[in-house]
Amino acid sequence: MSSNIQDAMITAEETDILQEIMNIAFGRAASDLAEYIDILVILSVPFVKLLRSSDLPPYISAEIRAYDKVSLVEQNFWGKFKGSAFLVFPADSGKKILSLLDGGAEQYFESDPINELEKETFREVGNILIGACIGKIAELLGDVITYSPPRVVVERSQRGIISDRLFVPDNLAIVLRTVFEFNEQNISGYLFIITSDESFAWLKTALHNFLEQYEC
C-alpha cells in the first residue's frame, strides 16, 4: 500500500493517539486478567497498521508464523467502533493456562474432556482480554459496544484459521496488534483488533475529540 493512501486514511498524529488509547486499554485488560488468574500479564507496545482487507489473512499468518498449530478466540463487536478481535495462542497454551486456575487442572482431568476444558479456559481468557480492550477503547472514544459470542478453536493448523470471507477484499482495515506474555509461565500470544473502513470517519473524529480533552 502506498504511503499517500495510508496518510490519507490515518495520519501519524492519529496513529499516536490510537496507540496511546490502546496502551490504556491493554493496561486495563492486563489488570483484569491478572485478577482472574493471579499472574502478571505483560503486553508489548501496541502496533497500528493500515491494510487492504484482502491482505489481512496473509499478514496475520506471517505474524504468527512461529506457531505451527494455534488456539484461537475470535469475537466480533459492533458500535460506531466496529470490527473483529482475534486472540491467538500457540497450541500447547491451553493446558498451561488451565493449570494456573484455582486448584490446577488435575481436578478436572478424570471426569471432563480436556478439549472442552481448554475451550472454556480460552473463552474466559478471551472474554476478559478482548472485552477489556475493546470496552476501554470504546469508553475512551465515547462509544458503546455489543459483542458476538466468542468462537474458540483449539489446536489447529494456523493456515486458514482466519477466513478470507470475513473481509471485503477492496476495503481497508486498521489492525491494532500487541504481543502478550504471562510472566514466568512461558505462555505468550497475539491480540489483533481489526476495525473496518465503515468505522474510519467516526474513528478519526473520535480520536481528535479525545486529544482535545487534554489540550489547553
# chains A, B, ... in the order shown; residues from 1 in each chain; ligands from 1
>>> residues_around(residues="segment 45-56 of chain A", least_positions_apart="5", cutoff="6 Å", atoms="only C-alpha atoms", output="ChimeraX atom specification")
/A:19,167,169,171-178
>>> write_last_selection(atoms="all heavy atoms", output="tab-separated table (two decimals), in the first residue's frame")
chain	number	residue	atom	x	y	z
A	19	GLN	N	-2.48	4.69	19.48
A	19	GLN	CA	-1.56	3.87	20.26
A	19	GLN	C	-1.64	4.20	21.75
A	19	GLN	O	-1.55	3.30	22.59
A	19	GLN	CB	-0.13	4.06	19.74
A	19	GLN	CG	0.12	3.35	18.43
A	19	GLN	CD	1.53	3.54	17.90
A	19	GLN	OE1	2.07	4.65	17.97
A	19	GLN	NE2	2.13	2.50	17.39
A	167	PHE	N	-13.67	-10.65	5.29
A	167	PHE	CA	-13.30	-9.30	4.93
A	167	PHE	C	-13.66	-9.01	3.48
A	167	PHE	O	-13.48	-9.84	2.61
A	167	PHE	CB	-11.80	-9.09	5.14
A	167	PHE	CG	-11.34	-9.54	6.50
A	167	PHE	CD1	-10.60	-10.71	6.64
A	167	PHE	CD2	-11.66	-8.82	7.63
A	167	PHE	CE1	-10.18	-11.14	7.87
A	167	PHE	CE2	-11.23	-9.24	8.88
A	167	PHE	CZ	-10.50	-10.40	9.01
A	169	PRO	N	-12.74	-7.65	0.11
A	169	PRO	CA	-11.38	-7.51	-0.43
A	169	PRO	C	-10.93	-6.10	-0.71
A	169	PRO	O	-9.78	-5.74	-0.48
A	169	PRO	CB	-11.44	-8.36	-1.71
A	169	PRO	CG	-12.51	-9.35	-1.45
A	169	PRO	CD	-13.54	-8.64	-0.62
A	171	ASN	N	-11.90	-3.28	0.62
A	171	ASN	CA	-11.96	-2.35	1.74
A	171	ASN	C	-10.61	-2.24	2.44
A	171	ASN	O	-9.73	-3.08	2.27
A	171	ASN	CB	-13.02	-2.79	2.75
A	171	ASN	CG	-14.43	-2.51	2.26
A	171	ASN	OD1	-14.62	-1.95	1.18
A	171	ASN	ND2	-15.41	-2.90	3.04
A	172	LEU	N	-10.49	-1.20	3.26
A	172	LEU	CA	-9.31	-1.02	4.10
A	172	LEU	C	-9.65	-1.38	5.54
A	172	LEU	O	-10.81	-1.33	5.95
A	172	LEU	CB	-8.82	0.43	4.02
A	172	LEU	CG	-8.31	0.90	2.66
A	172	LEU	CD1	-8.07	2.40	2.69
A	172	LEU	CD2	-7.04	0.17	2.28
A	173	ALA	N	-8.63	-1.73	6.30
A	173	ALA	CA	-8.83	-2.08	7.70
A	173	ALA	C	-7.65	-1.56	8.52
A	173	ALA	O	-6.52	-1.51	8.03
A	173	ALA	CB	-8.96	-3.59	7.88
A	174	ILE	N	-7.93	-1.14	9.74
A	174	ILE	CA	-6.87	-0.78	10.69
A	174	ILE	C	-6.65	-1.98	11.59
A	174	ILE	O	-7.58	-2.50	12.20
A	174	ILE	CB	-7.25	0.45	11.52
A	174	ILE	CG1	-7.47	1.67	10.62
A	174	ILE	CG2	-6.16	0.76	12.55
A	174	ILE	CD1	-7.99	2.88	11.36
A	175	VAL	N	-5.40	-2.41	11.68
A	175	VAL	CA	-5.03	-3.52	12.56
A	175	VAL	C	-4.34	-2.96	13.79
A	175	VAL	O	-3.37	-2.21	13.69
A	175	VAL	CB	-4.09	-4.52	11.85
A	175	VAL	CG1	-3.74	-5.68	12.77
A	175	VAL	CG2	-4.72	-5.03	10.56
A	176	LEU	N	-4.84	-3.31	14.97
A	176	LEU	CA	-4.20	-2.98	16.24
A	176	LEU	C	-3.66	-4.28	16.80
A	176	LEU	O	-4.41	-5.22	17.03
A	176	LEU	CB	-5.21	-2.36	17.22
A	176	LEU	CG	-6.21	-1.34	16.65
A	176	LEU	CD1	-7.16	-0.86	17.73
A	176	LEU	CD2	-5.49	-0.17	16.02
A	177	ARG	N	-2.34	-4.34	17.01
A	177	ARG	CA	-1.73	-5.62	17.41
A	177	ARG	C	-0.84	-5.45	18.63
A	177	ARG	O	-0.11	-4.48	18.74
A	177	ARG	CB	-0.93	-6.18	16.23
A	177	ARG	CG	-0.33	-7.57	16.48
A	177	ARG	CD	1.08	-7.46	17.01
A	177	ARG	NE	2.05	-7.15	15.97
A	177	ARG	CZ	3.23	-6.60	16.23
A	177	ARG	NH1	3.58	-6.29	17.46
A	177	ARG	NH2	4.08	-6.34	15.25
A	178	THR	N	-0.93	-6.39	19.55
A	178	THR	CA	0.01	-6.45	20.66
A	178	THR	C	0.41	-7.90	20.89
A	178	THR	O	-0.34	-8.83	20.55
A	178	THR	CB	-0.57	-5.83	21.94
A	178	THR	OG1	0.46	-5.75	22.94
A	178	THR	CG2	-1.71	-6.68	22.50
>>> select_by_dssp(residues="segment 5-203 of chain A", states="helix (DSSP H, G or I)", output="PyMOL selection string")
chain A and resi 5-9+12-37+53-63+93-100+106-109+114-140+164-166+197-203
>>> select_by_dssp(residues="segment 8-214 of chain A", states="strand (DSSP E)", output="ChimeraX atom specification")
/A:41-43,47-52,69-78,83-90,146-147,151-157,172-182,187-196
>>> closest_residue(among="A:Val125, A:Val144, A:Ile193, A:Leu211", to="Leu33 of chain A", atoms="only C-alpha atoms")
A:Val125
>>> closest_residue(among="A:Ile24, A:Lys95, A:Gly135, A:Arg159", to="Pro58 of chain A", atoms="only C-alpha atoms")
A:Arg159
>>> closest_residue(among="A:Ala29, A:Ala34, A:Ile187, A:Leu43", to="Ile134 of chain A", atoms="only C-alpha atoms")
A:Ala29
>>> residues_around(residues="Met22 of chain A", least_positions_apart="3", cutoff="8 Å", atoms="only C-alpha atoms", output="PyMOL selection string")
chain A and resi 18-19+25-26+46+133+137
>>> write_last_selection(atoms="N, CA, C and O atoms", output="PDB file, in the first residue's frame")
ATOM      1  N   LEU A  18      -4.132   6.836  18.781  1.00  0.00           N
ATOM      2  CA  LEU A  18      -4.693   5.492  18.863  1.00  0.00           C
ATOM      3  C   LEU A  18      -3.784   4.573  19.666  1.00  0.00           C
ATOM      4  O   LEU A  18      -4.261   3.756  20.474  1.00  0.00           O
ATOM      5  N   GLN A  19      -2.482   4.692  19.482  1.00  0.00           N
ATOM      6  CA  GLN A  19      -1.560   3.873  20.257  1.00  0.00           C
ATOM      7  C   GLN A  19      -1.638   4.197  21.747  1.00  0.00           C
ATOM      8  O   GLN A  19      -1.553   3.303  22.591  1.00  0.00           O
ATOM      9  N   ALA A  25      -6.034   0.901  27.204  1.00  0.00           N
ATOM     10  CA  ALA A  25      -6.975  -0.215  27.124  1.00  0.00           C
ATOM     11  C   ALA A  25      -6.304  -1.543  27.435  1.00  0.00           C
ATOM     12  O   ALA A  25      -6.850  -2.389  28.158  1.00  0.00           O
ATOM     13  N   PHE A  26      -5.105  -1.758  26.895  1.00  0.00           N
ATOM     14  CA  PHE A  26      -4.411  -3.016  27.130  1.00  0.00           C
ATOM     15  C   PHE A  26      -3.942  -3.123  28.576  1.00  0.00           C
ATOM     16  O   PHE A  26      -3.872  -4.206  29.141  1.00  0.00           O
ATOM     17  N   PRO A  46       1.746  -1.352  21.651  1.00  0.00           N
ATOM     18  CA  PRO A  46       0.788  -1.605  20.567  1.00  0.00           C
ATOM     19  C   PRO A  46       1.318  -1.137  19.217  1.00  0.00           C
ATOM     20  O   PRO A  46       2.076  -0.173  19.124  1.00  0.00           O
ATOM     21  N   CYS A 133     -10.161  -4.747  26.486  1.00  0.00           N
ATOM     22  CA  CYS A 133      -9.513  -3.888  25.486  1.00  0.00           C
ATOM     23  C   CYS A 133     -10.527  -3.106  24.673  1.00  0.00           C
ATOM     24  O   CYS A 133     -10.465  -1.868  24.591  1.00  0.00           O
ATOM     25  N   ILE A 137     -11.351   0.981  24.919  1.00  0.00           N
ATOM     26  CA  ILE A 137     -11.196   1.824  23.735  1.00  0.00           C
ATOM     27  C   ILE A 137     -12.505   2.551  23.441  1.00  0.00           C
ATOM     28  O   ILE A 137     -12.528   3.764  23.201  1.00  0.00           O
TER      29      ILE A 137
END
>>> closest_residue(among="A:Val153, A:Leu191, A:Ala138, A:Ile130", to="Asp32 of chain A", atoms="only C-alpha atoms")
A:Ile130
>>> closest_residue(among="A:Asp38, A:Asp92, A:Glu120, A:Glu212", to="Gly189 of chain A", atoms="only C-alpha atoms")
A:Asp92
>>> closest_residue(among="A:Glu198, A:Val179, A:Glu139, A:Val154", to="Glu116 of chain A", atoms="only C-alpha atoms")
A:Val154
